[in-house]
Amino acid sequence: MQHRIVVLGAGYTGATAAGRLAKRLHREDVAITVVNAEADFVERVRMHQLAAGQDLAPRPFDEMFEGTGVALKQGKVTALDVDLKTATVATLDATGEAKDEELEYDTLVYALGSGWNDQGVPGTAEHAHEIASRPGALRLRERLAGLAAGESVVVVGGGLTGVEAATEIAEARPDLDVALAVRGGFGDWLSPKGGGHLRKTFGRLGITVHENTAVTAVEADRVTTADGGTIPAAVTVWTTGFAVHPIAQATALEVSGTGQIVVDATMRSVSHPDVYAVGDAALAMGPADKPLRMSCASGVPTAWQAADAIAARLTGGKVPNVPVRYFNQCISLGRKDGLIQYVTADDRAVSAALTGRLAALYKEIICKGAAWGVAHPTLLPVRRRRVVQETAVVPEGSPVRTAA
């Protein structure tokens, strides 16, 4: 009987884990199913480009997984029972009627990731736009296209997503009045060189920066700040962080206060050993015993770790444990400018930084490489190994492991 591996979510981490498992396990021994709401891969790191009016090349999963043996189940995960080892998926039948389908698994890879986090700020859900998803980016794209010259756009949140969104919009629409509202200091996590280049670029693009400005409410035409002031905003873009998919928190899995699944160094759930969590969905510890931040830079290595650990455990091999570390933060500042901030293993800025057109090219290579890596999860040819399983128990109670 085939070992059933179900992967929930096909973003960078889920798709990478599925492809890597398919490369490492003998096809006759496993059935790998990926569940995803969309039929093609979404380059989440490019959603600011999509929102600004650029078109992205489609990447259908049936092409990306062709010849791997990975099956795609298109649908939305609505429930998970980690005790019965089942996932409920809402799908559409041939007539377009909605139906629930229950998938059983032997090993689960939970990669449902995260979405935008409105932080509970009044009016955000009703009036603000998000770019954490393709539907959100497309809605913002349509709204921006309808703005007249001189109208205002306020991006709330001074992290990587906010910086990229503000610069992309300002470059694509120089006729708009673009502003960035930052709770703390602008670019205060960067080195002096990186922070200086960021300020120079924002000045060149005409972006107004509101530092130490906490937004406390969002209305249709403005945002309100903690000091009682207002900033005009025909469009508000909310980029203040991410919230994980809520399904895990409704299960018996051990989760953190943020709803992330608590895992060990191999991305295995500490409460349910047949469940692995990767990417934003996992609370995984990195260098200096700090939680990994929600990012593609963290997510893809956790997918490699989980896939290799699953393959090793199923085939009786040695379980690898390769610590996840950081090297740099890659920031696009429009299409012709960028910032590569080099960092320590635990993600603290060092003095070195790359800026300008060369940095933009570097970031583009990283983005293309991330998408390429989904379809090519291992760089070198890998021998698929046979799955072994406990099939009998000798009188003394010791399991006998044989090939599946």
# chains A, B, ... in the order shown; residues from 1 in each chain; ligands from 1
call {"tool": "residues_around", "arguments": {"residues": "stretch 206-208 of chain A", "least_positions_apart": "4", "cutoff": "7 Å", "atoms": "only C-alpha atoms", "output": "PyMOL selection string"}}
result
chain A and resi 178-180+202
call {"tool": "atom_distance", "arguments": {"atom1": "atom CA of A:Gly67", "atom2": "atom CA of A:Ala10"}}
result
17.2 Å
call {"tool": "closest_residue", "arguments": {"among": "A:Arg143, A:Arg27, A:Arg134, A:Arg268", "to": "A:Val319", "atoms": "only C-alpha atoms"}}
result
A:Arg268
call {"tool": "closest_residue", "arguments": {"among": "A:Ala15, A:Leu333, A:Val322, A:Asp106", "to": "A:Leu160", "atoms": "only C-alpha atoms"}}
result
A:Leu333
call {"tool": "closest_residue", "arguments": {"among": "A:Asp280, A:Glu66, A:Asp274, A:Asp337", "to": "A:His197", "atoms": "only C-alpha atoms"}}
result
A:Asp337
call {"tool": "residues_around", "arguments": {"residues": "A:Trp116", "least_positions_apart": "4", "cutoff": "6 Å", "atoms": "only C-alpha atoms", "output": "compact mmCIF listing (two decimals) with N, CA and C atoms, in the first residue's frame"}}
result
# COMPACT_ATOMS: atom_id res chain seq x y z
N ALA A 132 -0.96 40.65 0.09
CA ALA A 132 -0.44 39.36 0.53
C ALA A 132 -0.98 38.22 -0.32
N PHE A 242 1.92 39.83 8.87
CA PHE A 242 1.12 38.73 8.37
C PHE A 242 0.49 37.95 9.52
N ALA A 243 -0.62 37.31 9.24
CA ALA A 243 -1.29 36.42 10.20
C ALA A 243 -1.41 35.05 9.55
call {"tool": "residues_around", "arguments": {"residues": "stretch 183-185 of chain A", "least_positions_apart": "5", "cutoff": "12 Å", "atoms": "only C-alpha atoms", "output": "number ranges by chain"}}
result
A: 155-159, 162, 190, 195, 199, 209-216, 225-227, 239-240
call {"tool": "residues_around", "arguments": {"residues": "stretch 51-65 of chain A", "least_positions_apart": "4", "cutoff": "7 Å", "atoms": "only C-alpha atoms", "output": "PDB file with N, CA and C atoms, in the first residue's frame"}}
result
ATOM      1  N   ALA A  39      -5.017  27.016  -9.510  1.00  0.00           N
ATOM      2  CA  ALA A  39      -4.440  26.008 -10.400  1.00  0.00           C
ATOM      3  C   ALA A  39      -3.032  26.349 -10.852  1.00  0.00           C
ATOM      4  N   ASP A  40      -2.563  27.535 -10.534  1.00  0.00           N
ATOM      5  CA  ASP A  40      -1.208  27.889 -10.908  1.00  0.00           C
ATOM      6  C   ASP A  40      -0.464  28.539  -9.744  1.00  0.00           C
ATOM      7  N   PHE A  41       0.834  28.548  -9.851  1.00  0.00           N
ATOM      8  CA  PHE A  41       1.699  29.028  -8.791  1.00  0.00           C
ATOM      9  C   PHE A  41       1.679  30.549  -8.728  1.00  0.00           C
ATOM     10  N   MET A  47       3.841  40.424  -5.756  1.00  0.00           N
ATOM     11  CA  MET A  47       2.487  40.969  -5.720  1.00  0.00           C
ATOM     12  C   MET A  47       2.472  42.491  -5.788  1.00  0.00           C
ATOM     13  N   VAL A  70       3.387  14.003  -8.706  1.00  0.00           N
ATOM     14  CA  VAL A  70       2.629  14.814  -7.748  1.00  0.00           C
ATOM     15  C   VAL A  70       1.259  15.136  -8.334  1.00  0.00           C
ATOM     16  N   ALA A 137      -3.982  41.789  -4.593  1.00  0.00           N
ATOM     17  CA  ALA A 137      -3.152  42.606  -5.485  1.00  0.00           C
ATOM     18  C   ALA A 137      -3.932  43.036  -6.716  1.00  0.00           C
ATOM     19  N   LEU A 138      -4.779  42.161  -7.221  1.00  0.00           N
ATOM     20  CA  LEU A 138      -5.575  42.510  -8.401  1.00  0.00           C
ATOM     21  C   LEU A 138      -6.627  43.563  -8.077  1.00  0.00           C
ATOM     22  N   LEU A 140      -6.303  45.881  -5.770  1.00  0.00           N
ATOM     23  CA  LEU A 140      -5.554  47.131  -5.646  1.00  0.00           C
ATOM     24  C   LEU A 140      -5.156  47.653  -7.020  1.00  0.00           C
ATOM     25  N   ARG A 141      -4.767  46.766  -7.902  1.00  0.00           N
ATOM     26  CA  ARG A 141      -4.403  47.151  -9.269  1.00  0.00           C
ATOM     27  C   ARG A 141      -5.553  47.903  -9.942  1.00  0.00           C
ATOM     28  N   GLU A 168       7.237  50.783  -5.809  1.00  0.00           N
ATOM     29  CA  GLU A 168       6.703  50.261  -7.073  1.00  0.00           C
ATOM     30  C   GLU A 168       5.555  51.131  -7.568  1.00  0.00           C
ATOM     31  N   ILE A 169       4.662  51.512  -6.650  1.00  0.00           N
ATOM     32  CA  ILE A 169       3.528  52.348  -7.035  1.00  0.00           C
ATOM     33  C   ILE A 169       4.004  53.734  -7.470  1.00  0.00           C
ATOM     34  N   ALA A 172       5.604  53.505 -10.933  1.00  0.00           N
ATOM     35  CA  ALA A 172       4.629  53.240 -11.997  1.00  0.00           C
ATOM     36  C   ALA A 172       3.676  54.413 -12.208  1.00  0.00           C
ATOM     37  N   ALA A 375       9.886  24.350  -9.378  1.00  0.00           N
ATOM     38  CA  ALA A 375       9.795  23.305 -10.397  1.00  0.00           C
ATOM     39  C   ALA A 375      11.049  22.432 -10.438  1.00  0.00           C
TER      40      ALA A 375
END
call {"tool": "closest_atom_pairs", "arguments": {"of": "stretch 13-83 of chain A", "to": "stretch 296-308 of chain A", "cutoff": "12 Å", "atoms": "only C-alpha atoms", "output": "CSV"}}
result
residue,atom,partner,partner_atom,distance
A:Thr13,CA,A:Ala303,CA,5.2
A:Gly14,CA,A:Ala303,CA,7.0
A:Ala15,CA,A:Ala303,CA,8.7
A:Thr16,CA,A:Ala303,CA,6.3
A:Ala17,CA,A:Ala303,CA,4.9
A:Ala18,CA,A:Ala307,CA,7.5
A:Gly19,CA,A:Ala307,CA,8.8
A:Arg20,CA,A:Ala307,CA,6.2
A:Leu21,CA,A:Ala307,CA,5.5
A:Ala22,CA,A:Ala307,CA,9.2
A:Lys23,CA,A:Ala307,CA,9.8
A:Arg24,CA,A:Asp308,CA,7.9
A:Leu25,CA,A:Asp308,CA,10.0
A:Ile32,CA,A:Ala307,CA,11.8
A:Glu43,CA,A:Cys296,CA,10.3
A:Arg44,CA,A:Cys296,CA,8.9
A:Val45,CA,A:Cys296,CA,7.9
A:Arg46,CA,A:Cys296,CA,11.6
